[in-house]
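Engineer: Coordinates in start_36.pdb, PDB, C-alpha atoms, pLDDT in the B column, are listed below.
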ATOM      1  CA  MET A   1     148.642 285.641   2.526  1.00 29.00           C
ATOM      2  CA  ILE A   2     148.615 281.895   3.051  1.00 34.00           C
ATOM      3  CA  ILE A   3     145.395 280.267   1.954  1.00 33.00           C
ATOM      4  CA  GLN A   4     144.259 277.635   4.401  1.00 35.00           C
ATOM      5  CA  THR A   5     142.688 274.386   3.331  1.00 35.00           C
ATOM      6  CA  VAL A   6     141.126 271.729   5.493  1.00 33.00           C
ATOM      7  CA  LEU A   7     142.548 268.321   4.755  1.00 33.00           C
ATOM      8  CA  ARG A   8     140.574 265.120   4.879  1.00 33.00           C
ATOM      9  CA  ASN A   9     142.044 264.309   8.284  1.00 36.00           C
ATOM     10  CA  GLY A  10     140.822 267.618   9.663  1.00 36.00           C
ATOM     11  CA  ARG A  11     144.234 269.288   9.959  1.00 38.00           C
ATOM     12  CA  ARG A  12     144.712 272.693   8.429  1.00 38.00           C
ATOM     13  CA  SER A  13     147.523 273.164   5.990  1.00 39.00           C
ATOM     14  CA  SER A  14     148.889 276.065   3.995  1.00 43.00           C
ATOM     15  CA  THR A  15     148.691 275.703   0.232  1.00 45.00           C
ATOM     16  CA  LEU A  16     151.388 276.333  -2.303  1.00 48.00           C
ATOM     17  CA  VAL A  17     150.705 280.055  -2.644  1.00 49.00           C
ATOM     18  CA  GLY A  18     150.946 283.147  -0.492  1.00 49.00           C
ATOM     19  CA  GLY A  19     153.840 285.424   0.325  1.00 50.00           C
ATOM     20  CA  ILE A  20     155.265 285.102   3.821  1.00 52.00           C
ATOM     21  CA  LEU A  21     158.388 283.022   3.354  1.00 53.00           C
ATOM     22  CA  GLY A  22     160.658 285.913   2.463  1.00 48.00           C
ATOM     23  CA  GLN A  23     160.077 287.443   5.855  1.00 53.00           C
ATOM     24  CA  VAL A  24     160.535 284.238   7.835  1.00 59.00           C
ATOM     25  CA  ASN A  25     163.645 282.102   7.710  1.00 88.00           C
ATOM     26  CA  GLY A  26     164.624 283.258   4.239  1.00 91.00           C
ATOM     27  CA  PRO A  27     168.367 282.813   4.882  1.00 93.00           C
ATOM     28  CA  VAL A  28     167.865 279.264   6.162  1.00 95.00           C
ATOM     29  CA  ARG A  29     165.638 278.329   3.242  1.00 95.00           C
ATOM     30  CA  ALA A  30     168.050 279.846   0.719  1.00 96.00           C
ATOM     31  CA  TYR A  31     171.030 278.092   2.342  1.00 97.00           C
ATOM     32  CA  ILE A  32     169.227 274.767   2.024  1.00 98.00           C
ATOM     33  CA  TYR A  33     168.629 275.376  -1.667  1.00 97.00           C
ATOM     34  CA  ARG A  34     172.194 276.539  -2.300  1.00 98.00           C
ATOM     35  CA  HIS A  35     173.556 273.485  -0.488  1.00 98.00           C
ATOM     36  CA  PHE A  36     171.452 271.205  -2.661  1.00 98.00           C
ATOM     37  CA  ARG A  37     172.654 273.090  -5.748  1.00 97.00           C
ATOM     38  CA  ASP A  38     176.316 273.016  -4.809  1.00 97.00           C
ATOM     39  CA  GLU A  39     176.603 269.646  -3.034  1.00 97.00           C
ATOM     40  CA  ALA A  40     173.764 267.602  -4.594  1.00 97.00           C
ATOM     41  CA  ALA A  41     172.675 266.744  -1.068  1.00 98.00           C
ATOM     42  CA  ALA A  42     170.633 268.168   1.761  1.00 98.00           C
ATOM     43  CA  PRO A  43     172.497 270.063   4.468  1.00 98.00           C
ATOM     44  CA  SER A  44     172.386 268.747   8.010  1.00 98.00           C
ATOM     45  CA  THR A  45     171.174 270.835  10.912  1.00 97.00           C
ATOM     46  CA  ASN A  46     174.803 271.277  11.938  1.00 98.00           C
ATOM     47  CA  ASP A  47     175.742 272.393   8.404  1.00 98.00           C
ATOM     48  CA  ILE A  48     173.101 275.131   8.537  1.00 97.00           C
ATOM     49  CA  ALA A  49     174.005 276.203  12.057  1.00 96.00           C
ATOM     50  CA  SER A  50     177.684 276.455  11.202  1.00 97.00           C
ATOM     51  CA  ALA A  51     177.159 278.289   7.922  1.00 97.00           C
ATOM     52  CA  LEU A  52     174.711 280.821   9.277  1.00 95.00           C
ATOM     53  CA  GLY A  53     176.102 281.247  12.795  1.00 94.00           C
ATOM     54  CA  MET A  54     172.931 279.958  14.410  1.00 94.00           C
ATOM     55  CA  SER A  55     172.422 277.686  17.378  1.00 95.00           C
ATOM     56  CA  TYR A  56     171.324 274.121  16.740  1.00 96.00           C
ATOM     57  CA  GLU A  57     168.029 274.871  18.468  1.00 95.00           C
ATOM     58  CA  ALA A  58     167.417 277.953  16.326  1.00 93.00           C
ATOM     59  CA  VAL A  59     167.983 275.907  13.185  1.00 95.00           C
ATOM     60  CA  THR A  60     165.611 273.130  14.244  1.00 95.00           C
ATOM     61  CA  ARG A  61     162.996 275.778  15.033  1.00 93.00           C
ATOM     62  CA  ALA A  62     163.498 277.343  11.608  1.00 93.00           C
ATOM     63  CA  LEU A  63     163.251 273.947   9.930  1.00 95.00           C
ATOM     64  CA  ASP A  64     159.999 273.240  11.759  1.00 94.00           C
ATOM     65  CA  GLU A  65     158.612 276.603  10.678  1.00 91.00           C
ATOM     66  CA  LEU A  66     159.667 276.122   7.075  1.00 92.00           C
ATOM     67  CA  ALA A  67     158.123 272.658   7.051  1.00 92.00           C
ATOM     68  CA  ALA A  68     154.897 273.977   8.555  1.00 89.00           C
ATOM     69  CA  ALA A  69     154.823 276.613   5.804  1.00 86.00           C
ATOM     70  CA  HIS A  70     155.427 273.897   3.188  1.00 87.00           C
ATOM     71  CA  ALA A  71     158.683 275.494   2.057  1.00 90.00           C
ATOM     72  CA  ILE A  72     160.477 272.199   2.738  1.00 94.00           C
ATOM     73  CA  VAL A  73     159.533 268.693   3.834  1.00 95.00           C
ATOM     74  CA  LEU A  74     161.253 266.948   6.731  1.00 96.00           C
ATOM     75  CA  GLN A  75     161.618 263.217   7.103  1.00 96.00           C
ATOM     76  CA  PRO A  76     159.030 262.040   9.658  1.00 94.00           C
ATOM     77  CA  GLU A  77     159.933 262.694  13.279  1.00 94.00           C
ATOM     78  CA  THR A  78     163.320 264.167  12.363  1.00 96.00           C
ATOM     79  CA  HIS A  79     164.958 267.385  11.253  1.00 97.00           C
ATOM     80  CA  SER A  80     166.506 265.680   8.230  1.00 97.00           C
ATOM     81  CA  ILE A  81     165.436 267.381   5.013  1.00 98.00           C
ATOM     82  CA  TRP A  82     163.412 265.119   2.750  1.00 97.00           C
ATOM     83  CA  MET A  83     162.430 267.631   0.079  1.00 96.00           C
ATOM     84  CA  ALA A  84     163.279 271.174  -0.916  1.00 97.00           C
ATOM     85  CA  HIS A  85     161.455 271.089  -4.221  1.00 94.00           C
ATOM     86  CA  PRO A  86     162.627 270.200  -6.790  1.00 96.00           C
ATOM     87  CA  PHE A  87     165.493 268.586  -4.870  1.00 98.00           C
ATOM     88  CA  SER A  88     165.177 265.367  -2.875  1.00 97.00           C
ATOM     89  CA  GLY A  89     167.314 264.650   0.162  1.00 98.00           C
ATOM     90  CA  VAL A  90     166.764 260.918  -0.231  1.00 97.00           C
ATOM     91  CA  PRO A  91     167.421 258.604  -3.198  1.00 97.00           C
ATOM     92  CA  THR A  92     164.526 258.323  -5.658  1.00 96.00           C
ATOM     93  CA  ASP A  93     163.819 256.907  -9.110  1.00 95.00           C
ATOM     94  CA  TYR A  94     164.171 260.390 -10.612  1.00 96.00           C
ATOM     95  CA  THR A  95     167.521 262.055 -11.276  1.00 98.00           C
ATOM     96  CA  ALA A  96     168.972 265.056 -13.054  1.00 98.00           C
ATOM     97  CA  THR A  97     172.575 265.292 -14.178  1.00 98.00           C
ATOM     98  CA  VAL A  98     174.606 268.347 -15.164  1.00 97.00           C
ATOM     99  CA  GLY A  99     178.234 267.635 -15.973  1.00 95.00           C
ATOM    100  CA  GLU A 100     179.627 265.215 -13.411  1.00 94.00           C
ATOM    101  CA  ARG A 101     177.009 265.938 -10.758  1.00 97.00           C
ATOM    102  CA  THR A 102     173.693 264.144 -10.248  1.00 98.00           C
ATOM    103  CA  TRP A 103     170.772 265.224  -8.077  1.00 98.00           C
ATOM    104  CA  TYR A 104     167.813 263.202  -6.860  1.00 98.00           C
ATOM    105  CA  ALA A 105     164.417 264.715  -7.653  1.00 97.00           C
ATOM    106  CA  ASN A 106     161.043 264.099  -6.071  1.00 94.00           C
ATOM    107  CA  CYS A 107     159.194 263.238  -9.274  1.00 90.00           C
ATOM    108  CA  GLY A 108     159.442 263.460 -13.033  1.00 88.00           C
ATOM    109  CA  TRP A 109     158.529 267.119 -13.120  1.00 88.00           C
ATOM    110  CA  ASP A 110     161.132 267.916 -10.487  1.00 94.00           C
ATOM    111  CA  SER A 111     163.891 266.127 -12.391  1.00 95.00           C
ATOM    112  CA  ILE A 112     163.180 268.364 -15.379  1.00 94.00           C
ATOM    113  CA  ALA A 113     162.861 271.376 -13.087  1.00 95.00           C
ATOM    114  CA  ILE A 114     166.367 270.845 -11.707  1.00 97.00           C
ATOM    115  CA  LEU A 115     167.674 271.306 -15.236  1.00 96.00           C
ATOM    116  CA  ALA A 116     165.418 274.332 -15.652  1.00 95.00           C
ATOM    117  CA  LEU A 117     167.251 275.821 -12.647  1.00 95.00           C
ATOM    118  CA  LEU A 118     170.794 274.595 -13.276  1.00 96.00           C
ATOM    119  CA  GLY A 119     171.183 274.369 -17.036  1.00 94.00           C
ATOM    120  CA  ASP A 120     171.511 271.835 -19.802  1.00 96.00           C
ATOM    121  CA  GLY A 121     172.030 268.201 -18.915  1.00 97.00           C
ATOM    122  CA  SER A 122     170.054 265.013 -18.745  1.00 97.00           C
ATOM    123  CA  PHE A 123     167.293 263.636 -16.592  1.00 96.00           C
ATOM    124  CA  ALA A 124     166.121 260.106 -16.023  1.00 95.00           C
ATOM    125  CA  ALA A 125     163.188 258.194 -14.585  1.00 93.00           C
ATOM    126  CA  LYS A 126     163.191 254.549 -13.595  1.00 93.00           C
ATOM    127  CA  ASP A 127     160.025 252.570 -14.197  1.00 86.00           C
ATOM    128  CA  PRO A 128     159.457 250.679 -10.935  1.00 82.00           C
ATOM    129  CA  LEU A 129     157.442 247.980 -12.701  1.00 87.00           C
ATOM    130  CA  THR A 130     160.024 247.074 -15.331  1.00 92.00           C
ATOM    131  CA  ASP A 131     163.150 248.430 -13.607  1.00 91.00           C
ATOM    132  CA  THR A 132     164.063 250.117 -16.888  1.00 94.00           C
ATOM    133  CA  THR A 133     165.381 253.673 -16.943  1.00 94.00           C
ATOM    134  CA  ASN A 134     164.353 256.214 -19.537  1.00 91.00           C
ATOM    135  CA  GLU A 135     166.578 259.215 -20.160  1.00 94.00           C
ATOM    136  CA  TRP A 136     166.091 262.573 -21.799  1.00 95.00           C
ATOM    137  CA  THR A 137     168.492 265.345 -22.697  1.00 96.00           C
ATOM    138  CA  VAL A 138     168.095 269.109 -22.449  1.00 95.00           C
ATOM    139  CA  ARG A 139     170.353 271.067 -24.764  1.00 95.00           C
ATOM    140  CA  ASP A 140     169.920 274.781 -25.378  1.00 93.00           C
ATOM    141  CA  GLY A 141     166.623 274.505 -23.574  1.00 90.00           C
ATOM    142  CA  LEU A 142     165.195 271.832 -25.850  1.00 92.00           C
ATOM    143  CA  VAL A 143     164.124 268.451 -24.488  1.00 93.00           C
ATOM    144  CA  THR A 144     164.765 265.309 -26.540  1.00 93.00           C
ATOM    145  CA  PRO A 145     163.190 262.931 -27.111  1.00 91.00           C
ATOM    146  CA  GLY A 146     159.644 264.113 -26.535  1.00 81.00           C
ATOM    147  CA  GLY A 147     157.343 262.629 -23.968  1.00 79.00           C
ATOM    148  CA  VAL A 148     154.493 263.233 -21.582  1.00 79.00           C
ATOM    149  CA  VAL A 149     154.622 263.983 -17.859  1.00 78.00           C
ATOM    150  CA  HIS A 150     151.623 262.668 -15.962  1.00 78.00           C
ATOM    151  CA  PHE A 151     150.542 264.804 -13.004  1.00 79.00           C
ATOM    152  CA  LEU A 152     148.660 262.548 -10.620  1.00 78.00           C
ATOM    153  CA  VAL A 153     147.183 265.226  -8.367  1.00 79.00           C
ATOM    154  CA  PRO A 154     145.356 268.494  -9.192  1.00 81.00           C
ATOM    155  CA  ALA A 155     147.355 271.622  -8.380  1.00 74.00           C
ATOM    156  CA  ARG A 156     145.179 272.688  -5.456  1.00 75.00           C
ATOM    157  CA  GLN A 157     145.823 269.303  -3.792  1.00 76.00           C
ATOM    158  CA  PHE A 158     149.595 269.100  -4.289  1.00 74.00           C
ATOM    159  CA  TRP A 159     150.228 269.413  -0.554  1.00 68.00           C
ATOM    160  CA  ASP A 160     147.453 267.151   0.716  1.00 71.00           C
ATOM    161  CA  ASP A 161     149.958 264.277   0.588  1.00 68.00           C
ATOM    162  CA  ILE A 162     153.189 265.636  -0.841  1.00 68.00           C
ATOM    163  CA  GLY A 163     154.944 262.273  -0.820  1.00 69.00           C
ATOM    164  CA  TYR A 164     152.251 260.845  -3.093  1.00 67.00           C
ATOM    165  CA  THR A 165     152.167 263.964  -5.253  1.00 66.00           C
TER     166      THR A 165
ATOM    167  CA  MET B   1     157.879 267.742 -21.970  1.00 87.00           C
ATOM    168  CA  GLN B   2     158.903 271.168 -23.229  1.00 91.00           C
ATOM    169  CA  THR B   3     156.010 272.752 -21.335  1.00 91.00           C
ATOM    170  CA  VAL B   4     157.096 271.041 -18.137  1.00 91.00           C
ATOM    171  CA  LEU B   5     160.634 272.371 -18.546  1.00 93.00           C
ATOM    172  CA  GLN B   6     159.241 275.884 -18.778  1.00 93.00           C
ATOM    173  CA  LEU B   7     156.910 275.208 -15.846  1.00 92.00           C
ATOM    174  CA  GLY B   8     159.903 274.117 -13.794  1.00 92.00           C
ATOM    175  CA  HIS B   9     161.706 277.331 -14.665  1.00 92.00           C
ATOM    176  CA  ASP B  10     158.762 279.579 -13.886  1.00 91.00           C
ATOM    177  CA  TRP B  11     157.780 277.702 -10.731  1.00 90.00           C
ATOM    178  CA  TYR B  12     161.172 277.307  -9.099  1.00 92.00           C
ATOM    179  CA  SER B  13     163.124 280.376 -10.193  1.00 91.00           C
ATOM    180  CA  GLY B  14     164.337 282.473  -7.289  1.00 92.00           C
ATOM    181  CA  ARG B  15     164.565 279.680  -4.719  1.00 93.00           C
ATOM    182  CA  PHE B  16     168.272 280.370  -4.092  1.00 95.00           C
ATOM    183  CA  ASP B  17     167.477 283.953  -3.038  1.00 94.00           C
ATOM    184  CA  PRO B  18     166.737 284.579   0.671  1.00 92.00           C
ATOM    185  CA  ALA B  19     164.183 287.187  -0.343  1.00 89.00           C
ATOM    186  CA  TRP B  20     162.248 284.802  -2.562  1.00 89.00           C
ATOM    187  CA  ASP B  21     158.636 284.403  -1.627  1.00 85.00           C
ATOM    188  CA  ARG B  22     155.727 282.413  -2.879  1.00 82.00           C
ATOM    189  CA  PRO B  23     153.645 284.032  -5.566  1.00 84.00           C
ATOM    190  CA  GLU B  24     150.047 284.815  -4.827  1.00 84.00           C
ATOM    191  CA  ALA B  25     147.348 282.494  -6.118  1.00 85.00           C
ATOM    192  CA  ASP B  26     146.337 284.751  -8.980  1.00 87.00           C
ATOM    193  CA  ASP B  27     149.931 284.941 -10.166  1.00 88.00           C
ATOM    194  CA  VAL B  28     150.279 281.152 -10.056  1.00 89.00           C
ATOM    195  CA  VAL B  29     147.096 280.650 -12.040  1.00 90.00           C
ATOM    196  CA  SER B  30     148.307 283.243 -14.571  1.00 92.00           C
ATOM    197  CA  MET B  31     151.624 281.417 -14.840  1.00 91.00           C
ATOM    198  CA  PHE B  32     149.857 278.106 -15.439  1.00 91.00           C
ATOM    199  CA  ALA B  33     147.635 279.759 -18.052  1.00 93.00           C
ATOM    200  CA  SER B  34     150.625 281.276 -19.868  1.00 94.00           C
ATOM    201  CA  LEU B  35     151.783 277.701 -20.464  1.00 92.00           C
ATOM    202  CA  GLY B  36     148.375 276.520 -21.587  1.00 93.00           C
ATOM    203  CA  LEU B  37     147.683 274.795 -18.277  1.00 91.00           C
ATOM    204  CA  THR B  38     144.061 275.684 -17.671  1.00 92.00           C
ATOM    205  CA  GLY B  39     140.861 274.053 -16.517  1.00 90.00           C
ATOM    206  CA  PRO B  40     139.808 272.536 -13.198  1.00 88.00           C
ATOM    207  CA  PHE B  41     143.000 270.484 -12.816  1.00 87.00           C
ATOM    208  CA  TRP B  42     145.119 273.642 -12.659  1.00 88.00           C
ATOM    209  CA  SER B  43     142.661 275.730 -10.646  1.00 87.00           C
ATOM    210  CA  LEU B  44     143.604 276.641  -7.070  1.00 83.00           C
ATOM    211  CA  SER B  45     140.064 277.430  -5.930  1.00 80.00           C
TER     212      SER B  45
END
Show me this structure written as structure tokens.

Structural biologist:
Amino acid sequence: MIIQTVLRNGRRSSTLVGGILGQVNGPVRAYIYRHFRDEAAAPSTNDIASALGMSYEAVTRALDELAAAHAIVLQPETHSIWMAHPFSGVPTDYTATVGERTWYANCGWDSIAILALLGDGSFAAKDPLTDTTNEWTVRDGLVTPGGVVHFLVPARQFWDDIGYT
Amino acid sequence: MQTVLQLGHDWYSGRFDPAWDRPEADDVVSMFASLGLTGPFWSLS
């Protein structure tokens, strides 16, 4: 069940819980995630259509449905994938690196989460005020050096403004 | 930092599987609690 919340602007939006995604567009969603994992980049609509044997229109419909269900985030007014958490389809100040490959993440938590999914490596966050980059390493599941991740938004409001979150 | 690494694992595991689905709210709250993430900030209600 998707729990509905009423946002400040009056629109209704599904929250981050509730089990319907596996029955709707699961192959498209999984392909997006696998493409991020394997290519460190978002797939295009044509990539998805070609890989899954779907029409372009069917893919754009699936992307719209996945975005409406908050399984992914599309760049405004497009079908370009902005986020498939923890991966970012656009450059950000947060990165995760495993071996020779580097992924953009949506936030500090997501940069760590990419390593949680893909294995030991390093993650980095650039301070926009000082333009300095801090880096951490994960080896055998242990993060060094220590640190604190600041969550700006309470969990129940993650999707009120996902770009800000 | 270590807690957030575990949160990332618990939260995002399964995303590469077409059959993956979102957990229900109670399961998410239980997952938060297992990591010591409790209180109003981590409540979904």

Engineer: For chain B, which residues have at least one atom within 8 Å of chain A, if we go by only C-alpha atoms? Write them as a ChimeraX atom specification, please.

Structural biologist: /B:1-2,4-9,12-13,15-25,28,40-45

Engineer: Here's the selection I'm unsure about, the PyMOL selection byres ((chain B and resi 35) around 8); applied to the file above, which residues does it give, as a ChimeraX atom specification?

Structural biologist: /B:3,6-7,31-34,36-37

Engineer: Given the selection you just returned, output its residues as a file containing C-alpha atoms, formatted as a PDB file, in the coordinates of the input.

Structural biologist:
ATOM      1  CA  THR B   3     156.010 272.752 -21.335  1.00 91.00           C
ATOM      2  CA  GLN B   6     159.241 275.884 -18.778  1.00 93.00           C
ATOM      3  CA  LEU B   7     156.910 275.208 -15.846  1.00 92.00           C
ATOM      4  CA  MET B  31     151.624 281.417 -14.840  1.00 91.00           C
ATOM      5  CA  PHE B  32     149.857 278.106 -15.439  1.00 91.00           C
ATOM      6  CA  ALA B  33     147.635 279.759 -18.052  1.00 93.00           C
ATOM      7  CA  SER B  34     150.625 281.276 -19.868  1.00 94.00           C
ATOM      8  CA  GLY B  36     148.375 276.520 -21.587  1.00 93.00           C
ATOM      9  CA  LEU B  37     147.683 274.795 -18.277  1.00 91.00           C
TER      10      LEU B  37
END

Engineer: For the point (172.5, 266.2, -18.2) in file coordinates, what residues are within 6 Å, counting all atoms listed in the file? Give the answer as a VMD selection string?

Structural biologist: chain A and resid 97 to 98 120 to 122

Engineer: Between atom CA of Phe123 of chain A and atom CA of Gly14 of chain B, measure the distance and give it in Å to one decimal.

Structural biologist: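 Going from atom CA of Phe123 of chain A over to atom CA of Gly14 of chain B covers 21.2 Å.
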
Engineer: Rounded to one decimal, what separation in Å do you get between atom CA of Thr137 of chain A and atom CA of Glu100 of chain A?

Structural biologist: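 Answer for the atom CA of Thr137 of chain A to atom CA of Glu100 of chain A separation: 14.5 Å.
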
Engineer: To box segment 27-45 of chain B, take all atoms listed in the file, fit an axis-aligned box, add 8 Å on each side, and give centre and edge lengths in Å to one decimal, as JSON.

Structural biologist:
{"center_x": 145.8, "center_y": 277.7, "center_z": -13.8, "size_x": 28.0, "size_y": 30.5, "size_z": 31.7}

Engineer: Could you check how far atom CA of Thr92 of chain A sits from atom CA of Tyr104 of chain A, in Å to one decimal?

Structural biologist: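 Distance between the two atoms: 6.0 Å.
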